[in-house]
file start-v4.txt (compact mmCIF, C-alpha atoms)
# COMPACT_ATOMS: atom_id res chain seq x y z
CA LEU T 1 0.00 0.00 0.00
CA GLY T 2 1.06 3.59 -0.54
CA LEU T 3 2.57 5.75 2.19
CA ALA T 4 0.76 8.77 3.59
CA VAL T 5 3.52 11.34 3.03
CA VAL T 6 3.37 11.42 -0.74
CA MET T 7 1.66 13.29 -3.55
CA TRP T 8 -2.03 13.15 -4.43
CA ASN T 9 -2.46 14.96 -7.69
CA TYR T 10 -6.18 15.62 -7.59
CA SER T 11 -6.15 17.51 -4.32
CA GLY T 12 -2.90 19.38 -4.48
CA TRP T 13 -1.20 17.63 -1.56
CA ASP T 14 2.42 18.23 -2.38
CA THR T 15 4.21 18.65 0.96
CA PRO T 16 4.17 16.73 4.27
CA SER T 17 2.51 19.64 6.06
CA THR T 18 -0.43 19.73 3.72
CA VAL T 19 -0.75 15.95 3.59
CA LEU T 20 -0.79 15.64 7.34
CA GLY T 21 -2.45 18.97 8.17
CA GLU T 22 -5.46 19.00 10.45
CA THR T 23 -7.25 21.96 8.84
CA ARG T 24 -8.26 20.30 5.58
CA ALA T 25 -11.94 20.04 4.68
CA PRO T 26 -13.73 16.71 5.36
CA GLU T 27 -13.46 15.66 1.71
CA HIS T 28 -9.69 15.72 2.04
CA ALA T 29 -9.85 13.36 4.98
CA PHE T 30 -12.01 11.06 2.86
CA ARG T 31 -9.48 11.17 0.04
CA ARG T 32 -6.69 10.37 2.49
CA ALA T 33 -8.56 7.28 3.66
CA LEU T 34 -9.28 6.24 0.07
CA PHE T 35 -5.64 6.81 -0.89
CA LEU T 36 -4.41 4.45 1.81
CA SER T 37 -6.63 1.68 0.41
CA LEU T 38 -5.25 1.87 -3.13
CA PRO T 39 -2.43 -0.38 -4.36
CA LEU T 40 0.87 1.31 -5.02
CA ILE T 41 1.74 1.66 -8.71
CA THR T 42 5.35 2.46 -9.55
CA ALA T 43 5.84 4.76 -12.53
CA ALA T 44 9.18 3.45 -13.83
CA VAL T 45 11.14 5.79 -16.10
CA THR T 46 14.31 5.02 -18.04
CA CYS T 47 16.55 7.93 -19.02
CA TYR T 48 19.58 8.22 -21.27
CA ASN T 49 20.82 11.53 -22.71
CA ALA T 50 17.32 12.98 -22.64
CA GLU T 51 17.79 16.46 -21.20
CA GLN T 52 15.34 17.90 -23.74
CA THR T 53 12.53 15.44 -22.98
CA ILE T 54 12.95 13.79 -19.57
CA GLY T 55 11.15 16.62 -17.79
CA ARG T 56 8.08 16.05 -19.96
CA ALA T 57 8.12 12.31 -19.22
CA VAL T 58 8.40 12.78 -15.46
CA GLU T 59 5.80 15.55 -15.41
CA SER T 60 3.36 13.24 -17.19
CA ALA T 61 3.92 10.71 -14.39
CA LEU T 62 3.37 13.39 -11.75
CA ALA T 63 0.14 14.45 -13.47
CA GLN T 64 -1.52 11.03 -13.22
CA THR T 65 -5.07 10.84 -11.87
CA TRP T 66 -3.96 7.77 -9.93
CA PRO T 67 -1.82 8.76 -6.93
CA ALA T 68 1.71 9.14 -8.25
CA ASP T 69 3.37 8.07 -5.03
CA GLU T 70 6.45 6.37 -6.50
CA ILE T 71 8.10 7.71 -9.62
CA LEU T 72 11.33 5.79 -10.00
CA VAL T 73 13.85 7.00 -12.58
CA VAL T 74 17.03 5.24 -13.68
CA ASP T 75 19.51 7.51 -15.41
CA ASP T 76 21.60 5.09 -17.45
CA GLY T 77 24.90 6.94 -17.48
CA SER T 78 23.76 10.05 -19.32
CA THR T 79 26.54 12.36 -20.49
CA ASP T 80 24.32 15.41 -21.06
CA GLY T 81 22.38 17.44 -18.49
CA SER T 82 19.78 14.77 -17.75
CA ILE T 83 21.00 13.85 -14.28
CA ALA T 84 21.07 17.49 -13.12
CA LEU T 85 17.45 17.93 -14.23
CA LEU T 86 16.45 14.70 -12.49
CA ARG T 87 18.13 15.70 -9.24
CA GLU T 88 16.14 18.95 -9.27
CA LEU T 89 12.90 17.03 -9.83
CA GLU T 90 13.88 14.70 -7.00
CA LYS T 91 14.35 17.69 -4.67
CA THR T 92 11.06 19.26 -5.72
CA HIS T 93 8.78 16.22 -5.67
CA ARG T 94 8.75 13.72 -2.82
CA ALA T 95 7.41 11.01 -5.12
CA VAL T 96 10.47 11.09 -7.40
CA ARG T 97 13.44 8.83 -6.65
CA VAL T 98 16.47 8.80 -8.98
CA ILE T 99 19.01 5.98 -9.39
CA ARG T 100 22.08 6.47 -11.54
CA HIS T 101 23.98 3.88 -13.55
CA ASP T 102 27.58 4.82 -14.22
CA PRO T 103 28.66 3.88 -16.81
CA ASN T 104 25.81 3.20 -19.23
CA ARG T 105 24.51 -0.39 -19.04
CA GLY T 106 21.77 -0.40 -21.67
CA VAL T 107 18.00 -0.03 -21.51
CA SER T 108 17.33 -3.65 -20.52
CA GLU T 109 19.49 -3.39 -17.43
CA ALA T 110 17.96 0.00 -16.63
CA ARG T 111 14.50 -1.57 -16.70
CA ASN T 112 15.70 -4.45 -14.55
CA THR T 113 16.98 -1.95 -11.97
CA LEU T 114 13.56 -0.32 -11.99
CA LEU T 115 11.94 -3.71 -11.54
CA ALA T 116 14.25 -4.63 -8.66
CA GLU T 117 13.80 -1.30 -6.86
CA ALA T 118 10.05 -0.86 -7.39
CA ARG T 119 7.93 -0.94 -4.25
CA GLY T 120 4.65 -1.00 -6.13
CA THR T 121 2.29 -3.94 -6.50
CA PHE T 122 2.06 -2.82 -10.13
CA ILE T 123 4.70 -1.24 -12.36
CA ALA T 124 4.22 0.89 -15.48
CA PHE T 125 7.14 1.76 -17.75
CA PHE T 126 7.67 5.25 -19.15
CA ASP T 127 10.20 6.08 -21.89
CA ASP T 128 12.26 9.25 -21.46
CA ASP T 129 11.04 10.91 -24.65
CA ASP T 130 7.34 10.06 -24.39
CA ALA T 131 4.39 11.46 -22.44
CA SER T 132 1.56 9.50 -20.86
CA ALA T 133 -2.05 10.61 -20.67
CA ALA T 134 -3.13 11.63 -17.16
CA ALA T 135 -5.49 8.65 -16.89
CA ARG T 136 -2.96 6.06 -18.03
CA LEU T 137 -2.18 4.39 -14.70
CA GLU T 138 -5.81 4.41 -13.64
CA GLN T 139 -7.13 2.95 -16.89
CA GLN T 140 -4.50 0.24 -17.16
CA TYR T 141 -4.90 -0.77 -13.52
CA ARG T 142 -8.69 -1.05 -13.92
CA HIS T 143 -8.27 -3.01 -17.14
CA ILE T 144 -5.94 -5.52 -15.49
CA VAL T 145 -8.03 -6.13 -12.39
CA ASP T 146 -11.26 -6.29 -14.39
CA TYR T 147 -9.68 -8.82 -16.75
CA GLU T 148 -8.35 -10.90 -13.86
CA SER T 149 -11.77 -10.93 -12.20
CA THR T 150 -13.47 -12.25 -15.32
CA HIS T 151 -10.66 -14.64 -16.30
CA PRO T 152 -9.73 -16.52 -13.13
CA GLY T 153 -7.45 -18.81 -15.14
CA ALA T 154 -5.23 -15.91 -16.20
CA LYS T 155 -2.37 -16.23 -13.75
CA THR T 156 -0.23 -13.65 -15.53
CA VAL T 157 -1.39 -10.61 -17.51
CA LEU T 158 0.59 -8.00 -19.44
CA CYS T 159 -1.29 -4.82 -20.29
CA TYR T 160 -0.38 -2.39 -23.06
CA ALA T 161 -2.13 0.56 -24.71
CA ASN T 162 -2.47 2.33 -28.03
CA ARG T 163 -0.05 5.18 -28.63
CA ASP T 164 -0.01 8.26 -30.82
CA VAL T 165 3.22 8.75 -32.74
CA VAL T 166 4.81 12.14 -33.34
CA GLN T 167 7.61 12.24 -35.90
CA ALA T 168 10.89 14.01 -35.18
CA ASP T 169 10.66 17.81 -35.54
CA GLU T 170 6.85 17.68 -35.61
CA SER T 171 4.38 18.61 -32.88
CA ASP T 172 1.26 16.64 -33.78
CA PRO T 173 0.73 12.87 -34.11
CA SER T 174 0.89 11.54 -37.62
CA SER T 175 -0.06 7.93 -36.89
CA GLN T 176 -1.20 5.60 -34.14
CA CYS T 177 0.21 2.25 -33.02
CA LEU T 178 -2.41 -0.15 -31.70
CA GLY T 179 -1.82 -2.49 -28.77
CA ILE T 180 -2.17 -6.25 -28.76
CA GLY T 181 -5.44 -7.71 -27.47
CA ARG T 182 -7.27 -4.38 -27.44
CA GLN T 183 -10.59 -6.15 -27.98
CA PRO T 184 -11.62 -9.61 -26.72
CA PRO T 185 -10.74 -12.36 -26.94
CA ALA T 186 -7.25 -11.54 -25.71
CA PRO T 187 -4.49 -13.70 -27.18
CA CYS T 188 -2.64 -15.84 -24.68
CA GLY T 189 -0.11 -18.62 -24.49
CA PRO T 190 2.25 -20.00 -27.15
CA ILE T 191 0.30 -18.57 -30.11
CA VAL T 192 1.59 -15.14 -29.07
CA ALA T 193 5.18 -16.39 -29.21
CA ASP T 194 4.50 -17.89 -32.63
CA GLN T 195 2.96 -14.64 -33.83
CA VAL T 196 5.93 -12.58 -32.63
CA LEU T 197 8.33 -14.99 -34.33
CA GLY T 198 6.34 -15.02 -37.57
CA LEU T 199 5.31 -18.67 -37.23
CA PHE T 200 1.58 -18.20 -36.69
CA LYS T 201 -0.97 -17.81 -39.44
CA ASP T 202 -3.62 -15.37 -38.21
CA ASP T 203 -6.85 -17.20 -37.47
CA GLY T 204 -8.90 -13.99 -37.47
CA GLN T 205 -9.97 -14.46 -33.85
CA HIS T 206 -7.62 -11.95 -32.21
CA LEU T 207 -6.55 -8.35 -32.64
CA TRP T 208 -2.78 -8.34 -32.83
CA GLY T 209 -0.72 -5.25 -32.12
CA ARG T 210 2.34 -3.72 -30.54
CA LEU T 211 4.21 -4.98 -27.48
CA GLY T 212 6.58 -2.09 -26.70
CA SER T 213 7.46 -1.62 -23.04
CA GLY T 214 6.78 2.14 -23.27
CA THR T 215 3.09 1.33 -22.73
CA LEU T 216 3.50 -1.76 -20.52
CA MET T 217 1.91 -2.21 -17.10
CA ALA T 218 1.87 -5.45 -15.11
CA ARG T 219 2.01 -6.77 -11.61
CA THR T 220 5.57 -6.24 -10.46
CA GLU T 221 5.89 -9.82 -9.24
CA THR T 222 4.74 -11.11 -12.64
CA LEU T 223 7.70 -9.47 -14.37
CA ARG T 224 10.12 -10.57 -11.67
CA VAL T 225 9.02 -14.18 -11.97
CA LEU T 226 9.44 -13.94 -15.76
CA GLY T 227 13.05 -12.86 -15.19
CA GLY T 228 12.72 -9.26 -16.34
CA PHE T 229 14.46 -8.05 -19.49
CA ASP T 230 17.33 -9.94 -21.07
CA VAL T 231 20.41 -7.71 -20.88
CA GLN T 232 21.88 -9.36 -23.99
CA PHE T 233 19.38 -7.30 -26.01
CA ARG T 234 20.17 -3.64 -26.57
CA ARG T 235 17.05 -3.58 -28.71
CA CYS T 236 13.94 -5.77 -28.95
CA ALA T 237 14.12 -6.98 -25.35
CA ASP T 238 10.38 -6.22 -25.31
CA LEU T 239 9.77 -8.96 -27.89
CA ASP T 240 11.97 -11.41 -26.03
CA LEU T 241 10.01 -10.74 -22.84
CA ALA T 242 6.74 -11.27 -24.70
CA VAL T 243 7.92 -14.60 -26.14
CA ARG T 244 9.03 -15.88 -22.74
CA ALA T 245 5.82 -14.67 -21.13
CA ALA T 246 3.69 -16.28 -23.82
CA LEU T 247 5.37 -19.63 -23.32
CA GLU T 248 4.34 -19.38 -19.65
CA GLY T 249 0.68 -18.89 -20.62
CA THR T 250 0.49 -15.11 -20.17
CA HIS T 251 -2.57 -13.19 -21.36
CA PHE T 252 -1.91 -10.06 -23.46
CA ILE T 253 -4.36 -7.18 -23.24
CA SER T 254 -4.40 -3.49 -24.13
CA VAL T 255 -6.48 -0.46 -23.25
CA ASP T 256 -8.06 0.51 -26.56
CA ALA T 257 -7.19 4.18 -26.22
CA PRO T 258 -4.08 6.27 -26.93
CA LEU T 259 -2.62 6.52 -23.42
CA VAL T 260 0.92 7.38 -24.57
CA VAL T 261 2.28 9.92 -27.02
CA GLN T 262 5.49 8.54 -28.53
CA TYR T 263 7.88 11.23 -29.71
CA LEU T 264 10.36 9.79 -32.17
CA THR T 265 13.79 11.19 -31.38
CA PRO T 266 16.43 11.33 -34.13
CA THR T 267 19.10 9.42 -32.22
CA ALA T 268 20.32 5.85 -32.30
CA ASP T 269 20.60 5.39 -28.55
CA LYS T 270 16.96 5.54 -27.53
CA ALA T 271 14.65 2.79 -26.34
CA ASP T 272 13.12 0.09 -28.50
CA SER T 273 10.96 1.26 -31.39
CA ILE T 274 8.68 -1.77 -31.58
call {"tool": "encode", "arguments": {"input": "start-v4.txt", "output": "structure tokens"}}
result
Amino acid sequence: LGLAVVMWNYSGWDTPSTVLGETRAPEHAFRRALFLSLPLITAAVTCYNAEQTIGRAVESALAQTWPADEILVVDDGSTDGSIALLRELEKTHRAVRVIRHDPNRGVSEARNTLLAEARGTFIAFFDDDDASAAARLEQQYRHIVDYESTHPGAKTVLCYANRDVVQADESDPSSQCLGIGRQPPAPCGPIVADQVLGLFKDDGQHLWGRLGSGTLMARTETLRVLGGFDVQFRRCADLDLAVRAALEGTHFISVDAPLVVQYLTPTADKADSI
């Protein structure tokens, strides 16, 4: 469960004195009680040489309608001004915690550090050059628990979302990437591995789509049991994770809404583009 001395974005609680103050109206006391009953969701952000965009990514985590009580950022050995910006955000916002890799270890190891350090029951990954809609955590959490309640045999679930794509040097989306399993029935098990590997002939029963970790939310323990991200992959570790998860019987679902804006950055050292 979340801790009391953290941020609640709806109500403007942003310091310990206001969170714990005795002069708040009754509705604030109600929100405090409700807050303590909600599961902790870790917003997990990777960062590498992203001084122009990391602020936007973290601010989108802070702006979530779900209580953003743990925003965990791994700076993977940035050589620009990213770490200075992150340290300022860490000073300003109690929810933000920054971990630095030095030297750079690659995005897979950065995500594994996030996974190891996360305190949340659920974890949602944020890329350093993207922005998430304010309702992202809330909608993905609801989608997972609703799916689990109606599919008691689904022991593991990975949840993605649609994303709008903005090309480099543009300001508006020019296309949309659709998530896997955005409408029922959700694909599950080895057929997903076969589809990723190009071995499965579409039977027309499922809506296939993207599996990028920039929109991924899951139970933290689910990803730990799966072994996290393979550090041998500098790219496409998302697909490797999906194949391994599928072979363990995982169900793949997506919120059928654009919960992430993906900004394509013109560099070769950014996260996976799948």
call {"tool": "atom_distance", "arguments": {"input": "start-v4.txt", "atom1": "atom CA of Cys177 of chain T", "atom2": "atom CA of Leu62 of chain T"}}
result
24.2 Å
call {"tool": "closest_residue", "arguments": {"input": "start-v4.txt", "among": "T:Leu259, T:Leu85, T:Val73, T:Leu115", "to": "Ser132 of chain T", "atoms": "all atoms listed in the file"}}
result
T:Leu259
call {"tool": "residues_around", "arguments": {"input": "start-v4.txt", "residues": "Gly209 of chain T", "least_positions_apart": "6", "cutoff": "9 Å", "atoms": "only C-alpha atoms", "output": "JSON, numbers by chain"}}
result
{"T": [162, 177, 178, 179, 180, 181, 182, 254]}
call {"tool": "closest_atom_pairs", "arguments": {"input": "start-v4.txt", "of": "segment 46-133 of chain T", "to": "segment 150-158 of chain T", "cutoff": "12 Å", "atoms": "only C-alpha atoms", "output": "CSV"}}
result
residue,atom,partner,partner_atom,distance
T:Phe122,CA,T:Leu158,CA,10.8
T:Ile123,CA,T:Leu158,CA,10.6
T:Ala124,CA,T:Leu158,CA,10.4
T:Phe125,CA,T:Leu158,CA,11.9
call {"tool": "write_last_selection", "arguments": {"input": "start-v4.txt", "atoms": "C-alpha atoms", "output": "PDB file, keeping the file's coordinate frame"}}
result
ATOM      1  CA  PHE T 122       2.060  -2.820 -10.130  1.00  0.00           C
ATOM      2  CA  ILE T 123       4.700  -1.240 -12.360  1.00  0.00           C
ATOM      3  CA  ALA T 124       4.220   0.890 -15.480  1.00  0.00           C
ATOM      4  CA  PHE T 125       7.140   1.760 -17.750  1.00  0.00           C
TER       5      PHE T 125
END
call {"tool": "atom_distance", "arguments": {"input": "start-v4.txt", "atom1": "atom CA of Tyr160 of chain T", "atom2": "atom CA of Gln262 of chain T"}}
result
13.6 Å
call {"tool": "residues_around", "arguments": {"input": "start-v4.txt", "residues": "Gln52 of chain T", "least_positions_apart": "3", "cutoff": "9 Å", "atoms": "all atoms listed in the file", "output": "number ranges by chain"}}
result
T: 49, 55-56, 81-82, 129
